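Undergrad: Okay, here's the structure, questions in a sec.
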Amino acid sequence: MSDDIRPSIGLRPVINVSGTMTSLGASIVVPEAIAAMSSILPQFVEVNDLQRKASAVIARLTGGEAGFVTASCSAGISLAVAGTITGNNLLAIEKLPEVITDKNEVLVQMGHVVSYGAPVDQAIRLAGGKVVLVGQATSTHRFHMENAITEKTAAAVYVVSHHVVDYGLLNLKEFVEIAHAKGVPVIVDAASEYDLKIFLEQGADIALYSGHKFLGGPTSGIVAGKKELVRNVFLQNMGIGRGMKVGKESIFGVMAALEAWEKRDHAGIRERETGYLNLWKQTLDGRPGVTALIEPDPTNNPLDRMRVIIKADEAHITAWDLADALARGTPPIIVRDHEVEHHYFYLDPCNLHPGQEKIVASRIGEELDKARASNEIIATPIENRSKHRFDGALRWPD
């Protein structure tokens, strides 16, 4: 790891065991992408021609007919929805989010309307789409979707994420089958997915990926799919996509990250991450009130995480207080605490520099020892987290 610039600009040197989280900077950018960005930054390019070069790389890696790079996967949702509403009508593109057609309804299963830092449905509405929720949060059947499709339906959006409800909903193959039977294109939000081909292979018309998560590229989104539809989506750069544009360095950086992905030693990375998990399990096994479970990724990415379950009466600390203590400490350790009210959090091994796994193990041990030595159980009200969740954002800048 190179010299750490963070302390020199007043930033905390956090260690990320939460995963590929945008709020933490997403991922460690691969050397190939860093070199590519540095090499093109001093040069002028014709950006649309560079996007054509990116299209060829994206098509090869995803199996799509075409593709381009945008600001983020969230931007990709808005642009893809817009493309299905406007087609190649340049006036319609300029008028968005005001639509000049009644065909602007976008279907989403209710159990897929999640927040990735902002609501999925907002990304649709930004494009002039009218969100039509299909089914209930934990139950969507074929008849729900079949009857939701009308002559006003422009597209259907399918979300692949650990945030979505993972039972009782339509799988992608069914979703595509129902949509295509009535001529409705399917857009898949696959921001944090390893498999760059499966969603288009399963029939999606557009697949959207983050360029800055598992790929280790710059902050960006990747749009891939059928040529005509991708062209209509790309044309949104003359409208709402202007505010979602990327520079030459991001386009070229994504191209390099994709090509590096082809050559990456995925098995070696998995072996290294498994070693981290085993170290943490050895650290936690046998500690009072602590259960450490190694679990597979819920969306079938080829990686495991560690679920750390805390019984407060035995460990003398709640799961959320332990997570907060780790985040406050030196160095700060940021865990995946999305479900901490259920008395557990996760440790994700995918974003560590060599040696940081040992620091994580040491810090967790220190905090658990400190809690066990206390006479009282450290248990702040869980509702305090909800009450103060947005304090930092609301007081920005200090």
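Naming scheme: A, B, ... for chains in displayed order of the structure tokens; residues 1 onward per chain; ligands 1 onward as shown.
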Give me the residues within 8 Å of region 315-331 of chain A as a list of chain:residue names, counting only C-alpha atoms and dropping any in the same chain fewer than 6 places off.
TA: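 Those residues are A:Arg12, A:Pro13, A:Val14, A:Ile15, A:Arg287, A:Pro288, A:Gly289, A:Val290, A:Ile309, A:Asp337, A:Val340, A:Glu341, A:His343, A:Tyr344, A:Phe345, A:Arg363, A:Ile364, A:Glu367, A:Leu368, A:Ala371, A:Arg372, A:Ser374, A:Glu376, A:Ile377, A:Ile378, A:Ala379, A:Thr380, A:Ile382.
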Undergrad: Excluding Lys281 (chain A) and any residue of its chain fewer than 5 positions from it, enumerate the residues within 9 Å of it, using only C-alpha atoms, and give them as a PyMOL selection string.
TA: chain A and resi 276+291-294+306+361
Undergrad: Using only C-alpha atoms, which residues of region 62-138 of chain A come within 12 Å of region 243-259 of chain A, and what is the closest atom pair for each, with the distance in Å to one decimal? Give it as a tab-separated table, sorted by chain and residue number.
TA:
residue	atom	partner	partner_atom	distance
A:Thr62	CA	A:Leu258	CA	9.8
A:Gly67	CA	A:Met255	CA	11.2
A:Phe68	CA	A:Ile251	CA	8.2
A:Val69	CA	A:Ile251	CA	5.9
A:Thr70	CA	A:Val246	CA	5.7
A:Ala71	CA	A:Met244	CA	5.1
A:Ser72	CA	A:Met244	CA	7.8
A:Cys73	CA	A:Met244	CA	10.4
A:Ser74	CA	A:Met244	CA	9.6
A:Ala75	CA	A:Met244	CA	6.3
A:Gly76	CA	A:Met244	CA	8.9
A:Ile77	CA	A:Met244	CA	11.3
A:Ser78	CA	A:Met244	CA	9.6
A:Leu79	CA	A:Met244	CA	9.0
A:Ala123	CA	A:Met244	CA	12.0
A:Leu126	CA	A:Gly243	CA	11.8
Undergrad: Just all heavy atoms for this one: save the residues we selected as a short mmCIF file (atom, residue, chain, number, x, y, z; two decimals), in the first residue's frame.
TA:
data_model
loop_
_atom_site.label_atom_id
_atom_site.label_comp_id
_atom_site.auth_asym_id
_atom_site.auth_seq_id
_atom_site.Cartn_x
_atom_site.Cartn_y
_atom_site.Cartn_z
N THR A 62 -19.54 -8.32 -21.53
CA THR A 62 -20.90 -8.58 -21.06
C THR A 62 -21.70 -9.48 -21.99
O THR A 62 -22.75 -10.00 -21.59
CB THR A 62 -21.67 -7.27 -20.88
OG1 THR A 62 -21.84 -6.64 -22.17
CG2 THR A 62 -20.96 -6.32 -19.93
N GLY A 67 -22.53 -0.80 -25.54
CA GLY A 67 -22.53 -0.29 -24.17
C GLY A 67 -21.85 1.06 -24.10
O GLY A 67 -21.24 1.52 -25.07
N PHE A 68 -21.97 1.71 -22.95
CA PHE A 68 -21.25 2.96 -22.72
C PHE A 68 -21.09 3.17 -21.23
O PHE A 68 -21.64 2.42 -20.41
CB PHE A 68 -21.94 4.15 -23.40
CG PHE A 68 -23.24 4.58 -22.78
CD1 PHE A 68 -23.30 5.58 -21.82
CD2 PHE A 68 -24.44 4.00 -23.18
CE1 PHE A 68 -24.50 5.99 -21.27
CE2 PHE A 68 -25.66 4.39 -22.63
CZ PHE A 68 -25.68 5.39 -21.67
N VAL A 69 -20.34 4.21 -20.87
CA VAL A 69 -20.02 4.51 -19.48
C VAL A 69 -20.75 5.78 -19.06
O VAL A 69 -20.75 6.77 -19.81
CB VAL A 69 -18.50 4.69 -19.29
CG1 VAL A 69 -18.17 4.96 -17.82
CG2 VAL A 69 -17.75 3.47 -19.80
N THR A 70 -21.37 5.73 -17.90
CA THR A 70 -22.04 6.90 -17.35
C THR A 70 -21.55 7.14 -15.93
O THR A 70 -20.57 6.54 -15.49
CB THR A 70 -23.58 6.75 -17.42
OG1 THR A 70 -24.19 7.97 -16.97
CG2 THR A 70 -24.06 5.60 -16.55
N ALA A 71 -22.22 8.05 -15.21
CA ALA A 71 -21.69 8.51 -13.92
C ALA A 71 -21.76 7.46 -12.82
O ALA A 71 -20.92 7.44 -11.93
CB ALA A 71 -22.43 9.77 -13.48
N SER A 72 -22.78 6.60 -12.87
CA SER A 72 -22.98 5.62 -11.80
C SER A 72 -24.04 4.64 -12.26
O SER A 72 -24.71 4.87 -13.28
CB SER A 72 -23.46 6.32 -10.52
OG SER A 72 -24.74 6.91 -10.72
N CYS A 73 -24.23 3.58 -11.50
CA CYS A 73 -25.30 2.64 -11.83
C CYS A 73 -26.67 3.31 -11.64
O CYS A 73 -27.60 3.06 -12.39
CB CYS A 73 -25.18 1.39 -10.96
SG CYS A 73 -26.08 -0.02 -11.63
N SER A 74 -26.78 4.16 -10.64
CA SER A 74 -28.02 4.90 -10.43
C SER A 74 -28.34 5.78 -11.63
O SER A 74 -29.49 5.84 -12.10
CB SER A 74 -27.91 5.76 -9.16
OG SER A 74 -29.09 6.51 -8.96
N ALA A 75 -27.31 6.46 -12.16
CA ALA A 75 -27.50 7.23 -13.39
C ALA A 75 -27.95 6.32 -14.52
O ALA A 75 -28.81 6.70 -15.34
CB ALA A 75 -26.21 7.94 -13.77
N GLY A 76 -27.39 5.12 -14.56
CA GLY A 76 -27.77 4.16 -15.59
C GLY A 76 -29.25 3.82 -15.55
O GLY A 76 -29.89 3.65 -16.60
N ILE A 77 -29.81 3.70 -14.34
CA ILE A 77 -31.25 3.42 -14.22
C ILE A 77 -32.05 4.54 -14.87
O ILE A 77 -32.95 4.31 -15.68
CB ILE A 77 -31.66 3.24 -12.75
CG1 ILE A 77 -30.96 2.04 -12.11
CG2 ILE A 77 -33.18 3.09 -12.63
CD1 ILE A 77 -31.17 1.94 -10.61
N SER A 78 -31.73 5.78 -14.49
CA SER A 78 -32.47 6.93 -15.03
C SER A 78 -32.34 7.00 -16.54
O SER A 78 -33.33 7.20 -17.27
CB SER A 78 -31.97 8.22 -14.40
OG SER A 78 -32.22 8.25 -13.01
N LEU A 79 -31.13 6.83 -17.05
CA LEU A 79 -30.91 6.94 -18.49
C LEU A 79 -31.59 5.81 -19.25
O LEU A 79 -32.17 6.03 -20.32
CB LEU A 79 -29.41 6.94 -18.80
CG LEU A 79 -28.60 8.10 -18.21
CD1 LEU A 79 -27.13 7.97 -18.61
CD2 LEU A 79 -29.15 9.43 -18.64
N ALA A 123 -34.83 7.17 -8.99
CA ALA A 123 -34.05 7.12 -10.23
C ALA A 123 -34.96 6.97 -11.44
O ALA A 123 -34.67 7.49 -12.52
CB ALA A 123 -33.04 5.98 -10.17
N LEU A 126 -36.91 10.43 -11.92
CA LEU A 126 -36.06 11.47 -12.49
C LEU A 126 -36.10 11.46 -14.02
O LEU A 126 -35.88 12.50 -14.66
CB LEU A 126 -34.61 11.27 -12.03
CG LEU A 126 -34.27 11.72 -10.61
CD1 LEU A 126 -32.87 11.24 -10.23
CD2 LEU A 126 -34.35 13.24 -10.50
#
Undergrad: Select, from A:Ala82, A:Leu196, A:Val114, A:Ile187, the residue with the minimum atom-to-atom distance to Glu98 (chain A), counting only C-alpha atoms.
TA: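 That would be A:Ala82, the residue with the smallest distance to Glu98 (chain A).
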Undergrad: Write out, as a tab-separated table, each residue of region 189-236 of chain A that has an atom at most 12 Å from region 349-352 of chain A, together with the closest pair of atoms and their distance in Å to one decimal, counting only C-alpha atoms, rows going by chain and rising number.
TA:
residue	atom	partner	partner_atom	distance
A:His212	CA	A:Asn351	CA	12.0
A:Lys213	CA	A:Asn351	CA	9.7
A:Phe214	CA	A:Cys350	CA	8.5
A:Leu215	CA	A:Cys350	CA	11.5
A:Gly216	CA	A:Asn351	CA	9.9
Undergrad: Restricting it to N, CA and C atoms, dump the selection as a tab-separated table (two decimals), in the first residue's frame.
TA:
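Result written to part.tsv:
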chain	number	residue	atom	x	y	z
A	212	HIS	N	-17.20	0.91	-10.26
A	212	HIS	CA	-16.30	1.20	-9.14
A	212	HIS	C	-16.51	0.28	-7.94
A	213	LYS	N	-17.20	-0.83	-8.15
A	213	LYS	CA	-17.36	-1.77	-7.04
A	213	LYS	C	-16.43	-2.95	-7.27
A	214	PHE	N	-16.96	-4.13	-7.58
A	214	PHE	CA	-16.07	-5.28	-7.73
A	214	PHE	C	-15.07	-5.11	-8.86
A	215	LEU	N	-15.41	-4.33	-9.88
A	215	LEU	CA	-14.49	-4.15	-11.00
A	215	LEU	C	-13.25	-3.34	-10.60
A	216	GLY	N	-13.37	-2.50	-9.57
A	216	GLY	CA	-12.22	-1.72	-9.14
A	216	GLY	C	-11.82	-0.64	-10.11
Undergrad: From a DSSP calculation on the backbone, collect every residue of region 141-290 of chain A in helix (DSSP H, G or I) and output the set as number ranges by chain.
TA: A: 142-148, 172-181, 198-201, 227-238, 240-244, 248-263, 266-284
